[in-house]
file final-v5.cif (mmCIF, N, CA and C atoms)
data_input
#
loop_
_atom_site.label_atom_id
_atom_site.label_comp_id
_atom_site.auth_asym_id
_atom_site.auth_seq_id
_atom_site.Cartn_x
_atom_site.Cartn_y
_atom_site.Cartn_z
N MET A 1 1.40 13.85 -11.06
CA MET A 1 2.53 13.03 -11.46
C MET A 1 2.47 11.69 -10.73
N GLY A 2 3.04 11.59 -9.56
CA GLY A 2 3.01 10.36 -8.78
C GLY A 2 4.07 9.37 -9.17
N LEU A 3 4.12 8.28 -8.42
CA LEU A 3 5.05 7.19 -8.69
C LEU A 3 4.30 6.09 -9.43
N LYS A 4 4.97 5.48 -10.40
CA LYS A 4 4.38 4.37 -11.13
C LYS A 4 4.48 3.12 -10.26
N ALA A 5 3.42 2.32 -10.29
CA ALA A 5 3.40 1.09 -9.52
C ALA A 5 2.72 0.00 -10.34
N ARG A 6 3.09 -1.24 -10.03
CA ARG A 6 2.47 -2.37 -10.73
C ARG A 6 2.65 -3.64 -9.92
N CYS A 7 1.84 -4.64 -10.27
CA CYS A 7 1.99 -5.96 -9.66
C CYS A 7 3.11 -6.71 -10.41
N GLN A 8 3.40 -7.92 -10.00
CA GLN A 8 4.48 -8.69 -10.62
C GLN A 8 4.19 -9.03 -12.08
N CYS A 9 2.93 -9.35 -12.41
CA CYS A 9 2.60 -9.71 -13.78
C CYS A 9 2.28 -8.49 -14.65
N ALA A 10 2.23 -7.32 -14.05
CA ALA A 10 2.00 -6.04 -14.72
C ALA A 10 0.58 -5.85 -15.27
N LYS A 11 -0.35 -6.72 -14.89
CA LYS A 11 -1.74 -6.52 -15.32
C LYS A 11 -2.38 -5.37 -14.56
N VAL A 12 -1.98 -5.19 -13.32
CA VAL A 12 -2.49 -4.09 -12.51
C VAL A 12 -1.41 -3.01 -12.43
N GLN A 13 -1.72 -1.85 -12.95
CA GLN A 13 -0.80 -0.72 -12.93
C GLN A 13 -1.54 0.51 -12.44
N PHE A 14 -0.87 1.32 -11.67
CA PHE A 14 -1.48 2.54 -11.16
C PHE A 14 -0.40 3.56 -10.84
N THR A 15 -0.83 4.77 -10.58
CA THR A 15 0.08 5.86 -10.22
C THR A 15 -0.37 6.41 -8.87
N THR A 16 0.58 6.64 -7.99
CA THR A 16 0.25 7.19 -6.68
C THR A 16 -0.12 8.67 -6.82
N PRO A 17 -0.83 9.23 -5.84
CA PRO A 17 -1.27 10.62 -5.97
C PRO A 17 -0.17 11.66 -5.76
N THR A 18 0.97 11.26 -5.20
CA THR A 18 2.08 12.19 -4.97
C THR A 18 3.39 11.58 -5.47
N ASP A 19 4.37 12.45 -5.73
CA ASP A 19 5.67 12.01 -6.25
C ASP A 19 6.52 11.28 -5.23
N LYS A 20 6.24 11.53 -3.95
CA LYS A 20 6.98 10.88 -2.87
C LYS A 20 6.00 10.41 -1.83
N PRO A 21 6.33 9.32 -1.14
CA PRO A 21 5.44 8.88 -0.06
C PRO A 21 5.44 9.87 1.10
N LEU A 22 4.34 9.88 1.85
CA LEU A 22 4.29 10.68 3.07
C LEU A 22 5.34 10.17 4.05
N LYS A 23 5.40 8.83 4.17
CA LYS A 23 6.40 8.16 4.98
C LYS A 23 6.71 6.82 4.34
N LEU A 24 7.90 6.34 4.64
CA LEU A 24 8.32 5.04 4.15
C LEU A 24 8.69 4.20 5.36
N TRP A 25 8.07 3.05 5.49
CA TRP A 25 8.25 2.19 6.65
C TRP A 25 8.93 0.89 6.26
N ILE A 26 9.87 0.46 7.07
CA ILE A 26 10.46 -0.86 6.93
C ILE A 26 10.12 -1.59 8.22
N CYS A 27 9.20 -2.55 8.10
CA CYS A 27 8.65 -3.20 9.29
C CYS A 27 9.19 -4.62 9.42
N HIS A 28 9.60 -4.95 10.63
CA HIS A 28 10.19 -6.26 10.93
C HIS A 28 9.26 -7.16 11.74
N CYS A 29 7.96 -6.80 11.83
CA CYS A 29 7.03 -7.62 12.61
C CYS A 29 6.77 -8.95 11.88
N THR A 30 6.27 -9.92 12.61
CA THR A 30 6.05 -11.23 12.00
C THR A 30 4.97 -11.19 10.91
N GLU A 31 3.97 -10.31 11.05
CA GLU A 31 2.94 -10.20 10.02
C GLU A 31 3.56 -9.74 8.69
N CYS A 32 4.42 -8.73 8.74
CA CYS A 32 5.09 -8.26 7.52
C CYS A 32 6.07 -9.32 6.99
N GLN A 33 6.70 -10.06 7.88
CA GLN A 33 7.59 -11.13 7.43
C GLN A 33 6.81 -12.21 6.69
N HIS A 34 5.65 -12.58 7.21
CA HIS A 34 4.82 -13.59 6.52
C HIS A 34 4.34 -13.07 5.17
N GLN A 35 3.89 -11.81 5.13
CA GLN A 35 3.36 -11.25 3.89
C GLN A 35 4.44 -11.15 2.82
N SER A 36 5.64 -10.75 3.21
CA SER A 36 6.70 -10.52 2.23
C SER A 36 7.59 -11.74 1.99
N SER A 37 7.47 -12.75 2.85
CA SER A 37 8.37 -13.91 2.80
C SER A 37 9.82 -13.47 2.93
N SER A 38 10.05 -12.48 3.76
CA SER A 38 11.38 -11.91 3.96
C SER A 38 11.52 -11.51 5.43
N ALA A 39 12.64 -10.91 5.76
CA ALA A 39 12.89 -10.47 7.14
C ALA A 39 12.16 -9.18 7.49
N PHE A 40 11.61 -8.53 6.48
CA PHE A 40 10.88 -7.27 6.69
C PHE A 40 9.98 -6.98 5.50
N GLY A 41 9.10 -6.04 5.66
CA GLY A 41 8.26 -5.55 4.58
C GLY A 41 8.46 -4.05 4.43
N ILE A 42 8.35 -3.54 3.23
CA ILE A 42 8.47 -2.10 2.98
C ILE A 42 7.11 -1.58 2.54
N THR A 43 6.67 -0.53 3.21
CA THR A 43 5.39 0.07 2.91
C THR A 43 5.55 1.58 2.78
N ALA A 44 5.00 2.14 1.73
CA ALA A 44 5.03 3.59 1.50
C ALA A 44 3.61 4.12 1.66
N THR A 45 3.43 5.11 2.52
CA THR A 45 2.10 5.66 2.73
C THR A 45 1.89 6.89 1.86
N PHE A 46 0.67 6.99 1.32
CA PHE A 46 0.26 8.09 0.45
C PHE A 46 -1.10 8.58 0.91
N PRO A 47 -1.47 9.81 0.53
CA PRO A 47 -2.85 10.22 0.78
C PRO A 47 -3.79 9.19 0.16
N TYR A 48 -4.93 8.97 0.79
CA TYR A 48 -5.87 7.95 0.34
C TYR A 48 -6.14 8.07 -1.17
N PHE A 49 -6.10 6.93 -1.84
CA PHE A 49 -6.51 6.85 -3.24
C PHE A 49 -7.06 5.46 -3.50
N ASP A 50 -7.75 5.33 -4.58
CA ASP A 50 -8.27 4.03 -4.99
C ASP A 50 -7.76 3.75 -6.39
N LEU A 51 -7.85 2.51 -6.80
CA LEU A 51 -7.44 2.14 -8.16
C LEU A 51 -8.45 2.68 -9.17
N PRO A 52 -7.99 2.91 -10.39
CA PRO A 52 -8.95 3.28 -11.45
C PRO A 52 -10.00 2.18 -11.61
N ALA A 53 -11.20 2.57 -11.97
CA ALA A 53 -12.31 1.61 -12.12
C ALA A 53 -11.95 0.48 -13.09
N SER A 54 -11.12 0.77 -14.08
CA SER A 54 -10.75 -0.26 -15.07
C SER A 54 -9.95 -1.40 -14.45
N MET A 55 -9.40 -1.20 -13.27
CA MET A 55 -8.59 -2.22 -12.60
C MET A 55 -9.41 -3.07 -11.63
N SER A 56 -10.65 -2.67 -11.34
CA SER A 56 -11.42 -3.32 -10.27
C SER A 56 -11.63 -4.82 -10.47
N GLY A 57 -11.77 -5.27 -11.69
CA GLY A 57 -11.96 -6.69 -11.95
C GLY A 57 -10.68 -7.51 -11.87
N LEU A 58 -9.54 -6.84 -11.79
CA LEU A 58 -8.24 -7.52 -11.77
C LEU A 58 -7.70 -7.74 -10.36
N VAL A 59 -8.38 -7.17 -9.37
CA VAL A 59 -7.90 -7.28 -8.00
C VAL A 59 -8.94 -7.92 -7.10
N SER A 60 -8.46 -8.41 -6.00
CA SER A 60 -9.34 -8.92 -4.96
C SER A 60 -8.75 -8.44 -3.63
N SER A 61 -9.45 -8.73 -2.55
CA SER A 61 -8.93 -8.31 -1.25
C SER A 61 -9.39 -9.27 -0.17
N TYR A 62 -8.70 -9.21 0.92
CA TYR A 62 -9.17 -9.88 2.12
C TYR A 62 -8.97 -8.90 3.26
N THR A 63 -9.72 -9.07 4.30
CA THR A 63 -9.63 -8.17 5.44
C THR A 63 -9.16 -8.96 6.65
N ARG A 64 -8.17 -8.41 7.33
CA ARG A 64 -7.68 -9.05 8.55
C ARG A 64 -7.79 -8.06 9.70
N VAL A 65 -7.86 -8.58 10.90
CA VAL A 65 -7.92 -7.73 12.08
C VAL A 65 -6.49 -7.50 12.57
N THR A 66 -6.15 -6.24 12.80
CA THR A 66 -4.80 -5.90 13.28
C THR A 66 -4.68 -6.20 14.78
N SER A 67 -3.49 -6.10 15.30
CA SER A 67 -3.26 -6.34 16.73
C SER A 67 -3.99 -5.32 17.60
N LYS A 68 -4.36 -4.18 17.02
CA LYS A 68 -5.10 -3.16 17.76
C LYS A 68 -6.60 -3.23 17.50
N GLY A 69 -7.04 -4.29 16.81
CA GLY A 69 -8.46 -4.52 16.61
C GLY A 69 -9.10 -3.81 15.43
N ARG A 70 -8.32 -3.20 14.56
CA ARG A 70 -8.88 -2.53 13.39
C ARG A 70 -8.90 -3.48 12.21
N ASP A 71 -9.88 -3.29 11.32
CA ASP A 71 -9.98 -4.09 10.11
C ASP A 71 -9.11 -3.47 9.02
N MET A 72 -8.17 -4.27 8.51
CA MET A 72 -7.28 -3.81 7.44
C MET A 72 -7.62 -4.55 6.16
N GLU A 73 -7.95 -3.79 5.12
CA GLU A 73 -8.23 -4.36 3.81
C GLU A 73 -6.91 -4.50 3.06
N CYS A 74 -6.62 -5.71 2.60
CA CYS A 74 -5.38 -6.00 1.88
C CYS A 74 -5.74 -6.32 0.43
N VAL A 75 -5.27 -5.50 -0.51
CA VAL A 75 -5.64 -5.62 -1.92
C VAL A 75 -4.49 -6.27 -2.70
N PHE A 76 -4.84 -7.26 -3.52
CA PHE A 76 -3.83 -7.98 -4.28
C PHE A 76 -4.31 -8.27 -5.70
N CYS A 77 -3.36 -8.56 -6.59
CA CYS A 77 -3.67 -8.91 -7.98
C CYS A 77 -4.22 -10.33 -8.03
N LYS A 78 -5.34 -10.52 -8.73
CA LYS A 78 -5.92 -11.85 -8.90
C LYS A 78 -5.02 -12.76 -9.74
N GLY A 79 -4.27 -12.16 -10.67
CA GLY A 79 -3.45 -12.95 -11.58
C GLY A 79 -2.19 -13.51 -10.95
N CYS A 80 -1.40 -12.66 -10.33
CA CYS A 80 -0.10 -13.11 -9.79
C CYS A 80 -0.08 -13.18 -8.27
N GLY A 81 -1.09 -12.63 -7.62
CA GLY A 81 -1.14 -12.69 -6.16
C GLY A 81 -0.34 -11.63 -5.44
N SER A 82 0.31 -10.74 -6.16
CA SER A 82 1.12 -9.71 -5.52
C SER A 82 0.26 -8.79 -4.67
N ARG A 83 0.69 -8.54 -3.42
CA ARG A 83 0.01 -7.56 -2.58
C ARG A 83 0.35 -6.20 -3.15
N LEU A 84 -0.67 -5.38 -3.36
CA LEU A 84 -0.50 -4.04 -3.92
C LEU A 84 -0.50 -2.98 -2.84
N PHE A 85 -1.51 -2.99 -2.00
CA PHE A 85 -1.61 -1.99 -0.94
C PHE A 85 -2.58 -2.48 0.12
N HIS A 86 -2.61 -1.74 1.22
CA HIS A 86 -3.59 -2.00 2.27
C HIS A 86 -4.04 -0.67 2.86
N ARG A 87 -5.18 -0.74 3.53
CA ARG A 87 -5.75 0.46 4.15
C ARG A 87 -6.75 0.02 5.21
N PHE A 88 -6.99 0.91 6.16
CA PHE A 88 -7.94 0.60 7.22
C PHE A 88 -9.37 0.78 6.70
N ARG A 89 -10.19 -0.22 6.93
CA ARG A 89 -11.57 -0.21 6.44
C ARG A 89 -12.38 0.97 6.97
N ASP A 90 -12.10 1.41 8.21
CA ASP A 90 -12.89 2.51 8.77
C ASP A 90 -12.60 3.84 8.10
N PHE A 91 -11.56 3.91 7.25
CA PHE A 91 -11.27 5.13 6.51
C PHE A 91 -11.66 5.03 5.03
N VAL A 92 -12.18 3.88 4.60
CA VAL A 92 -12.61 3.75 3.21
C VAL A 92 -13.94 4.49 3.06
N PRO A 93 -13.98 5.51 2.22
CA PRO A 93 -15.22 6.29 2.10
C PRO A 93 -16.32 5.53 1.37
N ALA A 94 -17.55 5.88 1.68
CA ALA A 94 -18.70 5.33 0.95
C ALA A 94 -18.65 5.87 -0.48
N PRO A 95 -19.23 5.16 -1.44
CA PRO A 95 -19.24 5.64 -2.83
C PRO A 95 -19.75 7.08 -2.93
N GLY A 96 -19.00 7.91 -3.63
CA GLY A 96 -19.37 9.31 -3.83
C GLY A 96 -18.92 10.25 -2.72
N GLU A 97 -18.39 9.70 -1.63
CA GLU A 97 -17.92 10.55 -0.53
C GLU A 97 -16.41 10.75 -0.62
N GLN A 98 -15.95 11.84 -0.02
CA GLN A 98 -14.52 12.14 0.03
C GLN A 98 -13.90 11.37 1.20
N PRO A 99 -12.64 10.93 1.06
CA PRO A 99 -11.99 10.25 2.19
C PRO A 99 -11.69 11.24 3.32
N HIS A 100 -11.62 10.72 4.52
CA HIS A 100 -11.24 11.52 5.69
C HIS A 100 -9.85 12.09 5.45
N VAL A 101 -9.58 13.27 5.95
CA VAL A 101 -8.30 13.95 5.73
C VAL A 101 -7.10 13.12 6.20
N SER A 102 -7.28 12.28 7.21
CA SER A 102 -6.15 11.48 7.70
C SER A 102 -6.09 10.09 7.08
N ALA A 103 -6.96 9.79 6.12
CA ALA A 103 -6.96 8.48 5.48
C ALA A 103 -5.75 8.33 4.57
N ILE A 104 -5.15 7.15 4.62
CA ILE A 104 -3.99 6.86 3.78
C ILE A 104 -4.18 5.53 3.05
N THR A 105 -3.42 5.36 2.00
CA THR A 105 -3.28 4.08 1.31
C THR A 105 -1.81 3.70 1.44
N SER A 106 -1.56 2.49 1.92
CA SER A 106 -0.19 2.01 2.17
C SER A 106 0.21 1.06 1.06
N VAL A 107 1.07 1.53 0.17
CA VAL A 107 1.50 0.76 -1.01
C VAL A 107 2.73 -0.07 -0.64
N LYS A 108 2.72 -1.33 -1.06
CA LYS A 108 3.86 -2.20 -0.81
C LYS A 108 5.06 -1.74 -1.65
N GLY A 109 6.21 -1.65 -1.02
CA GLY A 109 7.41 -1.12 -1.66
C GLY A 109 7.81 -1.82 -2.94
N GLY A 110 7.59 -3.12 -3.01
CA GLY A 110 7.97 -3.88 -4.20
C GLY A 110 7.16 -3.52 -5.43
N CYS A 111 6.03 -2.86 -5.25
CA CYS A 111 5.19 -2.45 -6.38
C CYS A 111 5.64 -1.14 -7.01
N LEU A 112 6.41 -0.36 -6.26
CA LEU A 112 6.78 0.99 -6.71
C LEU A 112 7.99 0.95 -7.61
N GLU A 113 7.79 1.24 -8.88
CA GLU A 113 8.90 1.21 -9.84
C GLU A 113 9.90 2.33 -9.62
N ASP A 114 9.44 3.45 -9.11
CA ASP A 114 10.30 4.62 -8.97
C ASP A 114 10.84 4.84 -7.56
N LEU A 115 10.70 3.86 -6.68
CA LEU A 115 11.24 3.98 -5.33
C LEU A 115 12.77 4.00 -5.46
N ASP A 116 13.40 5.07 -4.97
CA ASP A 116 14.84 5.19 -5.17
C ASP A 116 15.60 5.28 -3.85
N ARG A 117 16.92 5.26 -3.95
CA ARG A 117 17.79 5.29 -2.77
C ARG A 117 17.58 6.54 -1.93
N GLU A 118 17.33 7.65 -2.57
CA GLU A 118 17.12 8.90 -1.83
C GLU A 118 15.90 8.78 -0.92
N MET A 119 14.83 8.21 -1.44
CA MET A 119 13.63 8.01 -0.63
C MET A 119 13.89 7.03 0.52
N MET A 120 14.69 6.01 0.25
CA MET A 120 14.98 4.99 1.25
C MET A 120 15.79 5.53 2.43
N LYS A 121 16.53 6.63 2.21
CA LYS A 121 17.32 7.22 3.29
C LYS A 121 16.44 7.70 4.44
N ASN A 122 15.20 8.04 4.15
CA ASN A 122 14.29 8.56 5.18
C ASN A 122 13.35 7.48 5.74
N ALA A 123 13.58 6.22 5.38
CA ALA A 123 12.71 5.15 5.85
C ALA A 123 12.81 4.98 7.36
N ILE A 124 11.69 4.63 7.96
CA ILE A 124 11.61 4.43 9.40
C ILE A 124 11.51 2.93 9.66
N HIS A 125 12.43 2.39 10.45
CA HIS A 125 12.40 0.98 10.81
C HIS A 125 11.53 0.79 12.04
N ILE A 126 10.60 -0.15 11.93
CA ILE A 126 9.75 -0.47 13.09
C ILE A 126 9.72 -1.97 13.28
#

call {"tool": "encode", "arguments": {"input": "final-v5.cif", "output": "structure tokens"}}
result
Amino acid sequence: MGLKARCQCAKVQFTTPTDKPLKLWICHCTECQHQSSSAFGITATFPYFDLPASMSGLVSSYTRVTSKGRDMECVFCKGCGSRLFHRFRDFVPAPGEQPHVSAITSVKGGCLEDLDREMMKNAIHI
């Protein structure tokens, strides 16, 4: 099943692997403020997944180094620029390999069409 998600222009659409996020984070750090152009960013974590192959030409990414020195891949729509998700590069599996059991994909809250008030009640502010 999963949650439906899309970018602002709706060219990139995908479904998360589970009906609810593992965790929902509301982050007030300056990096999330810059990314969201708001006072905070909302991120929902899911078991690792990738976009369908049909979407690969519609997205691009950049990698930034986190404050703890890890490389974070940030994936966005080429058309509208909406950030879709991010993940740590050291957990991205090689082609044909399974992801590590602790690997996650962190979807930006604004992309999730089915994010509801009930889910937001369990959000963790950081």

call {"tool": "residues_around", "arguments": {"input": "final-v5.cif", "residues": "Asp19 in chain A", "least_positions_apart": "3", "cutoff": "9 Å", "atoms": "only C-alpha atoms", "output": "PyMOL selection string"}}
result
chain A and resi 1-3+16

call {"tool": "closest_atom_pairs", "arguments": {"input": "final-v5.cif", "of": "range 16-70 of chain A", "to": "range 79-90 of chain A", "cutoff": "7 Å", "atoms": "only N, CA and C atoms", "output": "JSON lines"}}
result
{"residue": "A:Leu58", "atom": "C", "partner": "A:Gly79", "partner_atom": "N", "distance": 5.6}
{"residue": "A:Val59", "atom": "N", "partner": "A:Gly79", "partner_atom": "N", "distance": 6.6}
{"residue": "A:Arg70", "atom": "C", "partner": "A:Arg89", "partner_atom": "N", "distance": 6.3}

call {"tool": "select_by_dssp", "arguments": {"input": "final-v5.cif", "residues": "chain A", "states": "helix (DSSP H, G or I)", "output": "list in words"}}
result
Thr30, Glu31, Cys32, Gln33, His34, Gln35, Ser36, Ala53, Ser54, Met55, Ser56, Gly57, Leu58, Arg89, Asp90, Phe91, Gly109, Gly110, Cys111, Arg117, Glu118, Met119 and Met120 of chain A

call {"tool": "closest_residue", "arguments": {"input": "final-v5.cif", "among": "A:Asp116, A:Phe14, A:Pro95, A:Ala103", "to": "Leu51 in chain A", "atoms": "all atoms listed in the file"}}
result
A:Phe14

call {"tool": "residues_near_point", "arguments": {"input": "final-v5.cif", "point": "(-2.3, 7.0, 6.8)", "cutoff": "8 Å", "atoms": "all atoms listed in the file", "output": "list in words"}}
result
Thr45, Phe46, Pro47, Tyr48, Arg87, Phe88, Val101, Ser102, Ala103, Ile104, Thr105 and Ser106 of chain A

call {"tool": "write_last_selection", "arguments": {"input": "final-v5.cif", "atoms": "N, CA and C atoms", "output": "mmCIF file, keeping the file's coordinate frame"}}
result
data_model
loop_
_atom_site.group_PDB
_atom_site.id
_atom_site.type_symbol
_atom_site.label_atom_id
_atom_site.label_comp_id
_atom_site.auth_asym_id
_atom_site.auth_seq_id
_atom_site.Cartn_x
_atom_site.Cartn_y
_atom_site.Cartn_z
ATOM 1 N N THR A 45 3.430 5.110 2.520
ATOM 2 C CA THR A 45 2.100 5.660 2.730
ATOM 3 C C THR A 45 1.890 6.890 1.860
ATOM 4 N N PHE A 46 0.670 6.990 1.320
ATOM 5 C CA PHE A 46 0.260 8.090 0.450
ATOM 6 C C PHE A 46 -1.100 8.580 0.910
ATOM 7 N N PRO A 47 -1.470 9.810 0.530
ATOM 8 C CA PRO A 47 -2.850 10.220 0.780
ATOM 9 C C PRO A 47 -3.790 9.190 0.160
ATOM 10 N N TYR A 48 -4.930 8.970 0.790
ATOM 11 C CA TYR A 48 -5.870 7.950 0.340
ATOM 12 C C TYR A 48 -6.140 8.070 -1.170
ATOM 13 N N ARG A 87 -5.180 -0.740 3.530
ATOM 14 C CA ARG A 87 -5.750 0.460 4.150
ATOM 15 C C ARG A 87 -6.750 0.020 5.210
ATOM 16 N N PHE A 88 -6.990 0.910 6.160
ATOM 17 C CA PHE A 88 -7.940 0.600 7.220
ATOM 18 C C PHE A 88 -9.370 0.780 6.700
ATOM 19 N N VAL A 101 -9.580 13.270 5.950
ATOM 20 C CA VAL A 101 -8.300 13.950 5.730
ATOM 21 C C VAL A 101 -7.100 13.120 6.200
ATOM 22 N N SER A 102 -7.280 12.280 7.210
ATOM 23 C CA SER A 102 -6.150 11.480 7.700
ATOM 24 C C SER A 102 -6.090 10.090 7.080
ATOM 25 N N ALA A 103 -6.960 9.790 6.120
ATOM 26 C CA ALA A 103 -6.960 8.480 5.480
ATOM 27 C C ALA A 103 -5.750 8.330 4.570
ATOM 28 N N ILE A 104 -5.150 7.150 4.620
ATOM 29 C CA ILE A 104 -3.990 6.860 3.780
ATOM 30 C C ILE A 104 -4.180 5.530 3.050
ATOM 31 N N THR A 105 -3.420 5.360 2.000
ATOM 32 C CA THR A 105 -3.280 4.080 1.310
ATOM 33 C C THR A 105 -1.810 3.700 1.440
ATOM 34 N N SER A 106 -1.560 2.490 1.920
ATOM 35 C CA SER A 106 -0.190 2.010 2.170
ATOM 36 C C SER A 106 0.210 1.060 1.060
#

call {"tool": "atom_distance", "arguments": {"input": "final-v5.cif", "atom1": "CA of Val75 in chain A", "atom2": "CA of Asp114 in chain A"}}
result
20.2 Å

call {"tool": "residues_around", "arguments": {"input": "final-v5.cif", "residues": "Lys23 in chain A", "least_positions_apart": "4", "cutoff": "10 Å", "atoms": "only C-alpha atoms", "output": "VMD selection string"}}
result
chain A and resid 43 to 46 106 119 to 120 122 to 124
